[in-house]
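A.B. asks: Pasting a structure below so you can have a look.
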Amino acid sequence: MTTYRIQFHAGFTVPDLLEILDYLHDLGIDTVYGSPVLTANRGSNHGYDVTDPHHLNPEVTSEADWQRLHEALRQRGMQYMQDIVPNHTALSPENVWFATVVGDGPDGRYAGHFDIDWEHPRLPGKMMLPVLGDAPDKVREGGELTTYRGGMKIYDKHWEAPAADRDAPAGEVAYVEPVHWQSVTDFINYRRFFTVNELIGMRTEDRQVYEDLHARTFADVKKGYIHHLRVDHVDGLLDPTTYLQRLRESVGPRVGIYVEKILEPGEQLPESWPVDGTTGYDFLAEVNRLLTNEDSNNQFSDLYEELTGEELPDYQHLVFRNKLMLVREHFSGELDNLVRRWHPLLTDELRANFRDTLAHWLAAFPVYRIYPGGGPLTDHELALCMEAATVVTEFAPEMGRPVLAFVNWLAHQDFDGQALEYLQRTQQLSGPLMAKGVEDTTFYQFWRQAHLNEVGGSAAPEDRVPVRDFHRFILGRRSTTMNATATHDTKRGEDGRAFLQALTFYPQEWEAFVQSTMKSLDLSTVRPRGLYLVLQSLIAGYPLHKSAETAGLRDRLHAYLEKALREGKEMSDWAEPDLDYEQRLKDLADRILDDREHRNALEQLLRKIWPQTRHNSFAQVILKCTVPGNPDIYQGTESWDLSFVDPDNRRPVDYGQRAEWLQREPADKYDPARKARLLQRLLHLRRDHPTFFTSADYQPLPEGDEVLAFRRSHAGRQLIVKIAKRAGTRVQRPEDQHLHRVVTDEYGDGLGVWFGEVAEAAVKNGNKA
């Protein structure tokens, strides 16, 4: 399987996809991988805010076009993967199920589908609606909150029951309570997606809720429209294991199931999950580290400290502090709910200061979550719980004893009933806390090497992936999983990472550029760490194949810097943005772009490191297409992908241009056509030999620490891949002269891919290796 991810929205619809199917087929794609297509909020640019799980999104497709798409795919021998969202829907007046909550409260037809605590002591019998920009009384006095029979108008939106009468005044709506949007930091009586108030959790563990949420999807599976499923945010579910087992029963053994699951280094998918693999963030993280020159580690750490005047923080301690801050401040309501539930089950000793105990344990949890299913915790689960206690003892020693006591209590429980539910609910918070603490906070503070701040990865300087560890990683994962190098959620484009990876091979040149830029700029108005963010963002985003103006770099960089500062929660914040500081940092970026000397220095550095950048870019493409697993191509990344984080990575794609690249030779060394043609060459190799790529083994070849080499063999054919760490290092041709070189010297001396039938003697030697 080779997937191509499409982001559907009103600006790119199913009819638009139909227009490019021939191009995708020519590229070598066999499976279109679509973002959610069920009805979502009007104007949604992602589709994860579903408002009607039973119907297709009219902004994306009609029923006729949906049928036409799958017929067109069938005619081309292509398949379809659908992204589904079992964890949440939109908390929106457009949500047709939530309308029954407004009208009938807990007795509404679909009220039980939502994860609402109707007995919350702060608001019994009602659900909070955190959508106001001021205190409720002030909003009412301003005429922006009015009620009528069965509904209310808040600002310009009507929240109402199906049978509401807007002409009949009413004193209040009985079952929903509008509150200030920041009230959720004080208390919350529904489960939300991360810290997004506008996405409400679903009780998918309930069989009826499960069936209702998936009815449309299962109908399309039965029709043969959907061949693979991508499960969004599986860690958000109460009991992911039972959900996935149920999903497998519903769709049968032939439908592929891939979970969006972040695996920490060394972590494996639970064996009890009947899935084909993950969406590939683990692969991305390993390749990112593999292609980084770790020999320059100390130089980058020293430069960071010299530039910022700050001691480089201990990465794991920083993660712990950020998670602790978030659970106390941003997830305070969720934490209180857990404490309230746990209290009756605990001993008197544990009840004392249990809020702090639970907060510290969650902040120290080493993986996203565990998956308790009843009975005593497994040895593996207990080991992770104990690892969290050890981290607390190191970073917050005053809390070590109570956390250890809690873990000891957990170790002696036989979980069922309420105790099991509360443990699972605690784990439902653990995953979002890890995501927000690492991906959406620490990654926007720790700028030592920005390319390591990537989903599924670790930015800790001591974490390395030498060649032998990469081999071990590939051999230890499922061969049916996905290999991704860019997604709609990654922090920067795959070739932006390649530029930053290349810097690690040129530490002296990078340091000289940074120092000279610092000396010539007035930094009195920004923190030096802000400058380091700007400089690395320019390295990762500045194009050499077209002008910065054509690429719209200035405005895109401004938007990225604003988001980065607010996510970092130090120099600015989403709740209380420091607009003045944000503008000063944007002005600093503009001074570099507008000054000819600075811009020339930037371009000279980029051209200096280009051979390594290009090498790493091609290496990513080769690896994801040749190691075991299914290569996933994110829309548009046939070109150099220098995008920033979303929404920048969801910009329109020029498919006419990309189709033209496949028909001509590259014009120069910066031409993205070369990358597109390499991808096409490798995907066609996979398409021409599908059995080989699904069945071939993986044998590491001993070529030292500076060359990654492996052989794959099946039924008399062999694939040999060799990738040097440094561009320009010539890799040796295999001894078997019968193998055809797929990736030739035009892509560089340090890259080699050979494929073909081998002599019997060579096969025997290969089996001995």
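Following the order of the structure tokens, first chain is A, next is B, and so on, with residues numbered from 1 inside each chain and ligands from 1 in the order they appear.
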As a PyMOL selection string, please: the residues near Leu324 (chain A) (cut-off 10 Å, only C-alpha atoms, same-chain neighbours under 2 positions excluded).
C.D. replies: chain A and resi 318-322+326-331+356+359-364+433+437
A.B. asks: Could you give me, as a ChimeraX atom specification, the residues within 7 Å of region 391-399 of chain A, counting only C-alpha atoms and dropping anything in the same chain fewer than 2 positions from it?
C.D. replies: /A:317,357,360-361,364,387-389,401-403
A.B. asks: Would you put the residues from that selection into a file with N, CA and C atoms, as an mmCIF file, in the first residue's frame?
C.D. replies:
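The file below, selection.cif, is the result:
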data_model
loop_
_atom_site.group_PDB
_atom_site.id
_atom_site.type_symbol
_atom_site.label_atom_id
_atom_site.label_comp_id
_atom_site.auth_asym_id
_atom_site.auth_seq_id
_atom_site.Cartn_x
_atom_site.Cartn_y
_atom_site.Cartn_z
ATOM 1 N N HIS A 317 13.472 17.432 32.665
ATOM 2 C CA HIS A 317 12.959 18.275 33.753
ATOM 3 C C HIS A 317 12.031 19.344 33.195
ATOM 4 N N THR A 357 -0.681 14.956 44.555
ATOM 5 C CA THR A 357 -0.127 13.639 44.248
ATOM 6 C C THR A 357 -0.464 13.229 42.822
ATOM 7 N N HIS A 360 1.326 15.424 40.110
ATOM 8 C CA HIS A 360 2.738 15.094 39.910
ATOM 9 C C HIS A 360 2.903 13.750 39.198
ATOM 10 N N TRP A 361 2.062 12.777 39.558
ATOM 11 C CA TRP A 361 2.154 11.468 38.902
ATOM 12 C C TRP A 361 1.856 11.589 37.414
ATOM 13 N N ALA A 364 4.666 13.248 35.453
ATOM 14 C CA ALA A 364 5.876 12.429 35.299
ATOM 15 C C ALA A 364 5.655 11.192 34.448
ATOM 16 N N GLU A 387 8.026 4.127 37.120
ATOM 17 C CA GLU A 387 8.947 5.054 36.463
ATOM 18 C C GLU A 387 8.509 6.497 36.694
ATOM 19 N N ALA A 388 7.184 6.727 36.664
ATOM 20 C CA ALA A 388 6.672 8.070 36.956
ATOM 21 C C ALA A 388 7.009 8.477 38.382
ATOM 22 N N ALA A 389 6.873 7.559 39.316
ATOM 23 C CA ALA A 389 7.200 7.866 40.712
ATOM 24 C C ALA A 389 8.679 8.206 40.867
ATOM 25 N N ARG A 401 7.316 10.631 48.166
ATOM 26 C CA ARG A 401 6.699 9.653 49.058
ATOM 27 C C ARG A 401 5.202 9.466 48.772
ATOM 28 N N PRO A 402 4.401 10.547 48.692
ATOM 29 C CA PRO A 402 2.970 10.321 48.422
ATOM 30 C C PRO A 402 2.705 9.692 47.053
ATOM 31 N N VAL A 403 3.507 10.053 46.033
ATOM 32 C CA VAL A 403 3.305 9.445 44.718
ATOM 33 C C VAL A 403 3.656 7.961 44.765
#
A.B. asks: Applying 12 Å and only C-alpha atoms, which residues near Asp26 (chain A) remain after dropping the ones on its own chain fewer than 2 positions away? List them as number ranges by chain.
C.D. replies: A: 20-24, 28-30, 76, 78, 658-663, 676-677, 679-681, 683-684, 687
A.B. asks: Can those selected residues be exported to a file as a short mmCIF file (atom, residue, chain, number, x, y, z; two decimals), in the first residue's frame so that it contains C-alpha atoms?
C.D. replies:
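part.cif was written with the following content:
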data_model
loop_
_atom_site.label_atom_id
_atom_site.label_comp_id
_atom_site.auth_asym_id
_atom_site.auth_seq_id
_atom_site.Cartn_x
_atom_site.Cartn_y
_atom_site.Cartn_z
CA ILE A 20 -6.08 14.65 -10.06
CA LEU A 21 -6.62 10.88 -9.85
CA ASP A 22 -4.72 10.28 -13.08
CA TYR A 23 -1.80 12.30 -11.75
CA LEU A 24 -1.77 10.35 -8.48
CA GLY A 28 2.57 5.60 -8.25
CA ILE A 29 -0.10 6.01 -5.58
CA ASP A 30 -2.44 3.08 -5.02
CA ARG A 76 -7.73 2.53 -11.79
CA MET A 78 -6.78 2.10 -6.49
CA ARG A 658 3.58 18.60 -10.21
CA ALA A 659 2.22 16.62 -13.16
CA GLU A 660 4.51 18.63 -15.44
CA TRP A 661 7.55 17.78 -13.28
CA LEU A 662 7.03 14.07 -13.95
CA GLN A 663 7.30 14.67 -17.70
CA ALA A 676 9.16 14.21 -7.54
CA ARG A 677 10.81 11.97 -10.12
CA LEU A 679 9.49 9.43 -5.56
CA GLN A 680 7.77 8.29 -8.75
CA ARG A 681 10.64 5.93 -9.58
CA LEU A 683 6.69 4.06 -6.06
CA HIS A 684 6.61 2.44 -9.48
CA ARG A 687 3.78 -1.11 -7.71
#
A.B. asks: Which residues in region 481-661 of chain A does DSSP call strand (DSSP E)? List them as a count of residues only.
C.D. replies: 8
